[in-house]
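The next block is data.csv, given as CSV, C-alpha atoms and all ligand atoms.
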```
chain,number,residue,atom,x,y,z
N,18,MET,CA,20.1,32.0,-22.5
N,19,GLN,CA,23.4,33.8,-22.4
N,20,VAL,CA,23.6,37.5,-22.8
N,21,TYR,CA,26.6,39.7,-23.6
N,22,LEU,CA,26.8,42.4,-21.0
N,23,ASN,CA,29.5,45.1,-21.2
N,24,ASP,CA,32.6,43.0,-21.6
N,25,ARG,CA,31.5,39.3,-21.4
N,26,VAL,CA,28.8,36.7,-21.8
N,27,VAL,CA,26.7,36.0,-18.6
N,28,PRO,CA,23.7,33.8,-17.9
N,29,SER,CA,20.5,35.8,-18.6
N,30,ALA,CA,19.6,35.7,-14.8
N,31,GLU,CA,22.8,37.7,-14.2
N,32,ALA,CA,22.3,40.1,-17.1
N,33,LYS,CA,21.0,43.0,-15.1
N,34,ILE,CA,21.4,46.8,-15.4
N,35,SER,CA,21.1,49.6,-12.9
N,36,VAL,CA,17.9,51.6,-12.3
N,37,PHE,CA,20.2,54.6,-12.9
N,38,ASP,CA,20.9,53.5,-16.5
N,39,HIS,CA,20.0,56.5,-18.8
N,40,GLY,CA,18.7,54.0,-21.4
N,41,PHE,CA,16.0,53.0,-18.9
N,42,LEU,CA,15.5,56.5,-17.4
N,43,TYR,CA,15.4,58.5,-20.7
N,44,GLY,CA,15.5,56.1,-23.6
N,45,ASP,CA,19.0,57.5,-24.2
N,46,GLY,CA,20.7,55.0,-26.3
N,47,ILE,CA,20.7,53.2,-29.7
N,48,TYR,CA,20.2,49.7,-31.0
N,49,GLU,CA,20.4,47.4,-34.1
N,50,THR,CA,18.5,44.3,-35.0
N,51,MET,CA,20.2,41.7,-37.2
N,52,ARG,CA,19.5,38.3,-38.6
N,53,ALA,CA,22.0,35.4,-38.8
N,54,TYR,CA,21.6,32.7,-41.4
N,55,ASP,CA,23.5,29.5,-41.0
N,56,GLY,CA,26.1,31.1,-38.6
N,57,VAL,CA,26.6,34.3,-40.6
N,58,VAL,CA,25.2,37.7,-39.6
N,59,PHE,CA,23.7,39.1,-42.8
N,60,MET,CA,25.0,42.6,-43.7
N,61,ILE,CA,26.9,42.9,-40.4
N,62,ASP,CA,29.2,45.7,-41.7
N,63,GLU,CA,26.2,47.8,-42.8
N,64,HIS,CA,24.5,47.3,-39.4
N,65,MET,CA,27.8,48.3,-37.6
N,66,ARG,CA,28.0,51.4,-39.8
N,67,ARG,CA,24.5,52.4,-39.1
N,68,LEU,CA,25.1,51.8,-35.3
N,69,ARG,CA,28.0,54.1,-35.5
N,70,ARG,CA,26.0,56.7,-37.4
N,71,SER,CA,23.3,56.5,-34.7
N,72,ALA,CA,26.0,56.9,-32.0
N,73,ALA,CA,27.5,59.9,-33.7
N,74,LEU,CA,24.1,61.5,-34.1
N,75,ILE,CA,23.5,61.3,-30.3
N,76,GLY,CA,27.2,62.1,-29.4
N,77,LEU,CA,27.8,58.7,-27.9
N,78,ASP,CA,31.2,57.1,-27.7
N,79,ILE,CA,30.6,53.4,-28.1
N,80,GLY,CA,34.0,52.6,-26.6
N,81,LYS,CA,34.6,49.5,-28.7
N,82,SER,CA,36.1,48.9,-32.1
N,83,THR,CA,33.9,47.5,-34.9
N,84,GLU,CA,35.9,44.2,-34.7
N,85,GLU,CA,35.1,44.0,-30.9
N,86,LEU,CA,31.4,44.6,-31.7
N,87,LYS,CA,31.3,41.9,-34.3
N,88,LEU,CA,33.2,39.5,-32.0
N,89,ALA,CA,30.7,40.2,-29.2
N,90,ILE,CA,27.8,39.2,-31.6
N,91,TYR,CA,29.5,36.0,-32.6
N,92,GLU,CA,30.5,35.1,-29.1
N,93,THR,CA,26.8,35.6,-28.0
N,94,MET,CA,25.6,33.4,-30.8
N,95,GLN,CA,28.2,30.7,-30.0
N,96,SER,CA,27.3,30.8,-26.3
N,97,ASN,CA,23.7,30.1,-27.2
N,98,ASN,CA,24.6,27.5,-29.8
N,99,LEU,CA,22.8,29.5,-32.5
N,100,ARG,CA,23.2,29.4,-36.3
N,101,ALA,CA,19.8,30.9,-37.3
N,102,ALA,CA,19.5,33.8,-35.0
N,103,TYR,CA,17.6,37.0,-34.1
N,104,ILE,CA,20.2,39.4,-32.7
N,105,ARG,CA,19.8,42.6,-30.9
N,106,MET,CA,22.7,44.9,-30.0
N,107,THR,CA,21.7,47.7,-27.5
N,108,ILE,CA,24.0,50.5,-26.3
N,109,SER,CA,22.7,52.9,-23.7
N,110,ARG,CA,24.4,56.1,-22.4
N,111,GLY,CA,25.1,54.1,-19.2
N,112,VAL,CA,24.7,54.6,-15.5
N,113,GLY,CA,24.6,58.1,-14.1
N,114,ALA,CA,22.9,60.4,-11.6
N,115,ILE,CA,19.4,61.6,-12.5
N,116,GLY,CA,19.6,64.5,-15.0
N,117,LEU,CA,19.7,64.8,-18.8
N,118,ASP,CA,23.4,65.6,-19.2
N,119,PRO,CA,25.1,62.7,-21.0
N,120,ALA,CA,28.3,63.6,-19.1
N,121,LEU,CA,26.7,62.2,-16.0
N,122,CYS,CA,27.3,58.7,-17.5
N,123,LYS,CA,30.9,57.7,-17.5
N,124,SER,CA,30.6,54.7,-19.8
N,125,PRO,CA,27.9,53.2,-22.0
N,126,THR,CA,26.1,50.0,-21.2
N,127,PHE,CA,26.6,47.4,-23.9
N,128,ILE,CA,24.2,44.4,-24.5
N,129,VAL,CA,23.9,41.7,-27.1
N,130,MET,CA,21.0,39.4,-27.0
N,131,ALA,CA,20.4,36.5,-29.4
N,132,HIS,CA,17.8,33.8,-29.7
N,133,GLU,CA,16.9,31.2,-32.2
N,134,PHE,CA,15.3,32.7,-35.3
N,135,LYS,CA,11.8,31.5,-35.8
N,136,ASP,CA,10.7,31.8,-39.4
N,137,TYR,CA,7.6,33.8,-40.2
N,138,PRO,CA,4.7,31.4,-41.2
N,139,LYS,CA,4.9,30.4,-44.8
N,140,ALA,CA,1.3,31.5,-45.1
N,141,SER,CA,2.3,35.1,-44.3
N,142,TYR,CA,4.6,35.1,-47.4
N,143,GLU,CA,1.9,33.6,-49.5
N,144,GLU,CA,-1.1,35.6,-48.4
N,145,GLY,CA,0.6,38.7,-46.9
N,146,LEU,CA,0.1,40.8,-43.7
N,147,SER,CA,-2.7,43.1,-42.8
N,148,LEU,CA,-1.9,46.8,-42.1
N,149,ILE,CA,-3.5,50.0,-41.0
N,150,ILE,CA,-2.5,53.6,-41.6
N,151,SER,CA,-2.1,54.8,-38.0
N,152,SER,CA,-3.4,58.1,-36.7
N,153,VAL,CA,0.0,58.4,-35.0
N,154,ARG,CA,2.4,60.5,-37.1
N,155,ARG,CA,6.1,59.6,-37.4
N,156,ASN,CA,8.4,61.8,-35.4
N,157,LEU,CA,9.3,65.0,-37.2
N,158,LYS,CA,12.8,64.4,-38.5
N,159,GLU,CA,13.8,67.8,-37.2
N,160,ALA,CA,12.6,66.8,-33.7
N,161,LEU,CA,13.9,63.2,-33.4
N,162,ASN,CA,15.3,61.9,-36.7
N,163,PRO,CA,14.1,58.4,-37.4
N,164,GLN,CA,17.6,57.8,-38.9
N,165,ILE,CA,18.8,57.6,-35.3
N,166,LYS,CA,17.8,54.0,-34.4
N,167,SER,CA,17.2,55.0,-30.8
N,168,LEU,CA,15.8,53.3,-27.7
N,169,ASN,CA,13.2,56.1,-27.7
N,170,PHE,CA,10.6,53.9,-29.3
N,171,LEU,CA,7.3,55.3,-27.9
N,172,ASN,CA,6.3,56.9,-31.3
N,173,ASN,CA,6.4,53.4,-32.9
N,174,ILE,CA,4.8,51.8,-29.8
N,175,LEU,CA,1.8,54.2,-29.9
N,176,ALA,CA,1.2,53.2,-33.6
N,177,LYS,CA,1.7,49.5,-32.7
N,178,ILE,CA,-1.0,49.8,-30.0
N,179,GLU,CA,-3.4,51.1,-32.7
N,180,ALA,CA,-2.4,48.1,-34.9
N,181,ILE,CA,-3.1,45.7,-32.0
N,182,LYS,CA,-6.5,47.3,-31.3
N,183,ALA,CA,-7.3,47.0,-35.0
N,184,ASP,CA,-6.2,43.4,-35.0
N,185,VAL,CA,-3.7,43.9,-37.8
N,186,ASP,CA,0.0,43.0,-38.1
N,187,GLU,CA,1.7,46.4,-38.7
N,188,ALA,CA,0.8,50.1,-38.7
N,189,LEU,CA,2.1,52.5,-41.2
N,190,MET,CA,2.8,56.1,-40.1
N,191,LEU,CA,2.5,59.3,-42.1
N,192,ASN,CA,4.9,62.1,-41.6
N,193,ALA,CA,3.9,65.4,-40.0
N,194,VAL,CA,2.7,66.8,-43.4
N,195,GLY,CA,0.7,63.7,-44.4
N,196,PHE,CA,3.1,61.8,-46.7
N,197,LEU,CA,3.6,58.1,-46.2
N,198,ALA,CA,6.7,57.5,-44.0
N,199,GLU,CA,7.2,53.9,-42.7
N,200,GLY,CA,5.9,51.1,-40.5
N,201,THR,CA,6.6,50.7,-36.8
N,202,ILE,CA,9.5,48.3,-37.6
N,203,SER,CA,9.5,48.2,-41.4
N,204,ASN,CA,9.8,50.2,-44.6
N,205,VAL,CA,7.0,50.2,-47.1
N,206,PHE,CA,7.0,49.7,-50.9
N,207,PHE,CA,4.1,49.5,-53.4
N,208,MET,CA,3.6,49.1,-57.2
N,209,LYS,CA,1.7,51.9,-58.9
N,210,ASP,CA,1.5,52.3,-62.7
N,211,GLY,CA,4.3,49.8,-63.1
N,212,ILE,CA,6.7,51.8,-60.9
N,213,LEU,CA,8.0,50.5,-57.5
N,214,CYS,CA,7.3,53.4,-55.1
N,215,THR,CA,8.8,53.9,-51.6
N,216,PRO,CA,8.9,57.0,-49.4
N,217,SER,CA,12.2,58.9,-49.7
N,218,VAL,CA,14.6,59.2,-46.7
N,219,GLU,CA,13.6,63.0,-46.7
N,220,CYS,CA,10.1,61.9,-45.7
N,221,GLY,CA,11.6,61.1,-42.3
N,222,ILE,CA,12.3,57.4,-42.2
N,223,LEU,CA,14.9,54.9,-41.1
N,224,ASP,CA,16.9,54.0,-44.3
N,225,GLY,CA,16.5,50.3,-43.8
N,226,ILE,CA,19.3,48.1,-44.9
N,227,THR,CA,16.7,45.7,-46.5
N,228,ARG,CA,15.2,48.8,-48.2
N,229,THR,CA,18.6,49.6,-49.8
N,230,ILE,CA,19.1,46.0,-51.0
N,231,VAL,CA,15.5,45.9,-52.4
N,232,LEU,CA,16.1,49.1,-54.4
N,233,GLU,CA,19.4,47.7,-55.7
N,234,LEU,CA,17.7,44.4,-56.7
N,235,ALA,CA,14.9,46.3,-58.4
N,236,SER,CA,17.4,48.3,-60.5
N,237,ARG,CA,19.3,45.1,-61.4
N,238,ASN,CA,16.1,43.4,-62.5
N,239,GLY,CA,14.7,46.1,-64.7
N,240,ILE,CA,12.1,47.4,-62.2
N,241,THR,CA,11.8,51.2,-62.3
N,242,ALA,CA,11.8,52.5,-58.7
N,243,GLU,CA,10.9,55.9,-57.4
N,244,GLU,CA,11.8,57.3,-53.9
N,245,GLY,CA,9.5,60.2,-53.2
N,246,GLU,CA,6.6,61.8,-51.4
N,247,PHE,CA,3.4,59.7,-51.6
N,248,MET,CA,-0.1,60.0,-50.2
N,249,PRO,CA,-2.2,57.3,-48.6
N,250,GLU,CA,-4.4,57.4,-51.8
N,251,ASP,CA,-1.3,56.4,-53.9
N,252,LEU,CA,-0.9,53.3,-51.7
N,253,TYR,CA,-4.6,52.5,-51.8
N,254,ALA,CA,-4.4,52.6,-55.6
N,255,ALA,CA,-1.4,50.2,-55.7
N,256,SER,CA,-1.5,46.9,-57.5
N,257,GLU,CA,0.7,45.3,-54.8
N,258,VAL,CA,2.2,46.3,-51.5
N,259,PHE,CA,5.0,44.9,-49.4
N,260,ILE,CA,7.1,45.8,-46.3
N,261,THR,CA,10.7,45.1,-45.5
N,262,ASN,CA,13.0,44.7,-42.6
N,263,SER,CA,16.0,42.6,-41.6
N,264,THR,CA,14.0,39.8,-40.1
N,265,MET,CA,10.9,39.7,-42.4
N,266,GLU,CA,13.0,40.2,-45.6
N,267,VAL,CA,10.4,41.1,-48.3
N,268,MET,CA,6.9,40.5,-46.8
N,269,PRO,CA,3.7,40.9,-49.0
N,270,VAL,CA,0.8,42.9,-47.7
N,271,ARG,CA,-2.8,41.6,-48.3
N,272,ARG,CA,-4.7,44.6,-46.8
N,273,VAL,CA,-4.1,48.2,-45.8
N,274,ASP,CA,-7.2,49.6,-44.0
N,275,ASP,CA,-10.1,48.3,-46.2
N,276,LYS,CA,-8.1,48.0,-49.4
N,277,HIS,CA,-7.1,44.5,-50.4
N,278,PHE,CA,-4.1,43.3,-52.4
N,279,GLU,CA,-2.7,40.1,-53.9
N,280,ALA,CA,0.9,39.0,-53.1
N,281,GLY,CA,1.9,40.1,-56.6
N,282,GLU,CA,4.6,39.2,-59.0
N,283,VAL,CA,7.0,42.0,-58.1
N,284,SER,CA,6.9,41.1,-54.3
N,285,LYS,CA,7.5,37.5,-55.2
N,286,LEU,CA,10.4,38.2,-57.5
N,287,LEU,CA,12.1,40.6,-55.0
N,288,LEU,CA,11.7,38.1,-52.2
N,289,SER,CA,13.3,35.4,-54.2
N,290,LYS,CA,16.1,37.7,-55.4
N,291,TYR,CA,16.6,38.8,-51.8
N,292,ARG,CA,17.0,35.2,-50.7
N,293,GLU,CA,19.5,34.6,-53.5
N,294,GLU,CA,21.4,37.6,-52.3
N,295,VAL,CA,21.5,36.1,-48.8
N,296,SER,CA,22.8,32.8,-50.2
N,297,ALA,CA,25.5,34.6,-52.1
N,298,TYR,CA,26.5,36.5,-49.0
N,299,LEU,CA,26.7,33.3,-47.0
N,300,ARG,CA,28.9,31.7,-49.7
N,301,GLU,CA,31.2,34.7,-49.6
N,302,LYS,CA,31.4,35.1,-45.8
N,303,GLN,CA,31.2,31.6,-44.5
N,304,GLY,CA,35.0,31.2,-44.9
N,305,GLU,CA,35.6,34.5,-43.1
N,306,SER,CA,33.5,33.9,-40.0
N,307,PRO,CA,35.5,34.4,-36.8
N,308,SER,CA,37.6,31.4,-35.7
N,309,LEU,CA,35.1,31.1,-32.8
N,310,TRP,CA,33.1,28.8,-35.0
N,311,GLU,CA,35.9,26.3,-35.6
F,401,LIG,N1,13.4,47.4,-37.3
F,401,LIG,N2,11.9,51.3,-40.1
F,401,LIG,C1,11.9,51.2,-38.7
F,401,LIG,C2,11.2,52.2,-37.9
F,401,LIG,C3,12.5,50.0,-38.2
F,401,LIG,O1,12.5,49.9,-36.8
F,401,LIG,C4,13.1,49.1,-39.0
F,401,LIG,C5,13.9,47.9,-38.5
F,401,LIG,C6,13.1,49.3,-40.4
F,401,LIG,C7,13.8,48.4,-41.4
F,401,LIG,O2,15.2,48.5,-41.3
F,401,LIG,P1,16.2,47.2,-41.7
F,401,LIG,O3,15.8,46.9,-43.1
F,401,LIG,O4,17.5,47.8,-41.6
F,401,LIG,O5,15.9,46.1,-40.7
F,401,LIG,C8,12.5,50.5,-40.9
F,401,LIG,C9,14.0,46.3,-36.7
F,401,LIG,C10,13.8,45.0,-37.4
F,401,LIG,C11,13.6,46.3,-35.2
F,401,LIG,O6,13.2,47.3,-34.7
F,401,LIG,O7,13.7,45.2,-34.6
```
Could you express the structure from this file as structure tokens?
Amino acid sequence: MQVYLNDRVVPSAEAKISVFDHGFLYGDGIYETMRAYDGVVFMIDEHMRRLRRSAALIGLDIGKSTEELKLAIYETMQSNNLRAAYIRMTISRGVGAIGLDPALCKSPTFIVMAHEFKDYPKASYEEGLSLIISSVRRNLKEALNPQIKSLNFLNNILAKIEAIKADVDEALMLNAVGFLAEGTISNVFFMKDGILCTPSVECGILDGITRTIVLELASRNGITAEEGEFMPEDLYAASEVFITNSTMEVMPVRRVDDKHFEAGEVSKLLLSKYREEVSAYLREKQGESPSLWE
């Protein structure tokens, strides 16, 4: 495997960072996860915009243009001979003496990793995933805003540990006042009284790129959607539930705690519309991919 480190692609055995890296010492950094289909990184501009927003929110100068960031992604894919890929771009504050002051780090550490994308089992899309509502609350947005896609992931990891102990696929977190927020790596949607409900950004969530597309697809397909404050009871009373992220797309949920659900019509419709959206994007962008592919 080849990894992009700072300014070039190196074999993974050489892709090493310093023990003084503030990403390692303090979780001081940001990241994005993307998915490439047939050689094209889906929604790359949106991911780059969100990365820049995360950087701005932590006062980090990435030190690369958006074009350079995109080229680094495509170069990493090409070095690994990938067309269907899972891609992670990580940028930490960089190497500096021990201490919290970001000014101790002269330049950020930049990493792109990519590996072959392994599809989720078909059965997961047909039957759905199992979830719990975790006892771990989502970070208060006034303390560590989930809109910063940061390397500081312990909040999510603590909830994930509960999910693993409960032998389920994903854990949903409530916010500090008890409203539904989001999963450890996903946003949540459910159908209640014919309305597609999802926690609003004000609840303290990451505004997922997939979430935004799903809301747009709902509106285009005559499905009324509501972004708001919801209680666990609203979710338990749903007729169907699904979660979203860039790798899973639209993933039905078969169980939340001891409530069972079917992979319903709306989940199926939105998954198929999402995939149509991906195909349309590929048709539009395939001609534009960097000449690296030629
Ligand atoms: N996770 N909420 C959280 C906490 C997430 O970590 C993610 C994405 C999402 C969905 O965002 P998007 O639709 O833009 O992928 C919501 C990625 C997949 C990850 O952590 O690897």
| query | Quick one: of N:Asn156, N:Ile165, N:Tyr142, N:Arg100, who's nearest to N:Ser289, counting all atoms listed in the file? | reply |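 Among the listed residues, the smallest separation from N:Ser289 belongs to N:Tyr142.
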| request: Grab me every residue within 7 Å of ligand LIG 401 (chain F), counting all atoms listed in the file, and send it over as a list of chain:residue names. | output: N:Glu49, N:Thr50, N:Pro163, N:Glu199, N:Gly200, N:Thr201, N:Ile202, N:Ser203, N:Asn204, N:Ile222, N:Leu223, N:Asp224, N:Gly225, N:Ile226, N:Thr227, N:Arg228, N:Thr261, N:Asn262, N:Ser263, N:Thr264
Generate a file of the selected residues that holds C-alpha atoms, formatted as a PDB file, in the frame of the given file.
```pdb
ATOM      1  CA  GLU N  49      20.400  47.400 -34.100  1.00  0.00           C
ATOM      2  CA  THR N  50      18.500  44.300 -35.000  1.00  0.00           C
ATOM      3  CA  PRO N 163      14.100  58.400 -37.400  1.00  0.00           C
ATOM      4  CA  GLU N 199       7.200  53.900 -42.700  1.00  0.00           C
ATOM      5  CA  GLY N 200       5.900  51.100 -40.500  1.00  0.00           C
ATOM      6  CA  THR N 201       6.600  50.700 -36.800  1.00  0.00           C
ATOM      7  CA  ILE N 202       9.500  48.300 -37.600  1.00  0.00           C
ATOM      8  CA  SER N 203       9.500  48.200 -41.400  1.00  0.00           C
ATOM      9  CA  ASN N 204       9.800  50.200 -44.600  1.00  0.00           C
ATOM     10  CA  ILE N 222      12.300  57.400 -42.200  1.00  0.00           C
ATOM     11  CA  LEU N 223      14.900  54.900 -41.100  1.00  0.00           C
ATOM     12  CA  ASP N 224      16.900  54.000 -44.300  1.00  0.00           C
ATOM     13  CA  GLY N 225      16.500  50.300 -43.800  1.00  0.00           C
ATOM     14  CA  ILE N 226      19.300  48.100 -44.900  1.00  0.00           C
ATOM     15  CA  THR N 227      16.700  45.700 -46.500  1.00  0.00           C
ATOM     16  CA  ARG N 228      15.200  48.800 -48.200  1.00  0.00           C
ATOM     17  CA  THR N 261      10.700  45.100 -45.500  1.00  0.00           C
ATOM     18  CA  ASN N 262      13.000  44.700 -42.600  1.00  0.00           C
ATOM     19  CA  SER N 263      16.000  42.600 -41.600  1.00  0.00           C
ATOM     20  CA  THR N 264      14.000  39.800 -40.100  1.00  0.00           C
TER      21      THR N 264
END
```
With only C-alpha atoms counted and 8 Å as the cut-off, give the residues of stretch 225-259 of chain N in contact with stretch 217-220 of chain N, each with its shortest interatomic distance in Å and the pair that gives it, as a tab-separated table.
```
residue	atom	partner	partner_atom	distance
N:Glu244	CA	N:Ser217	CA	4.5
N:Gly245	CA	N:Ser217	CA	4.6
N:Glu246	CA	N:Ser217	CA	6.5
```
| Point-to-point distance in Å for atom CA of N:Lys285 and atom CA of N:Ala101 |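 The value is 22.7 Å.
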| If I put a ball of radius 10 Å at (-5.7, 51.3, -37.8) in the file's coordinates, which residues poke into it when counting all atoms listed in the file, written as a PyMOL selection string? | chain N and resi 148-153+176-185+187-189+273-275
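The closest residue to N:Arg154, picked from N:Asn238, N:Asn192, N:Ser96, N:Gln19 and counting all atoms listed in the file, is N:Asn192.
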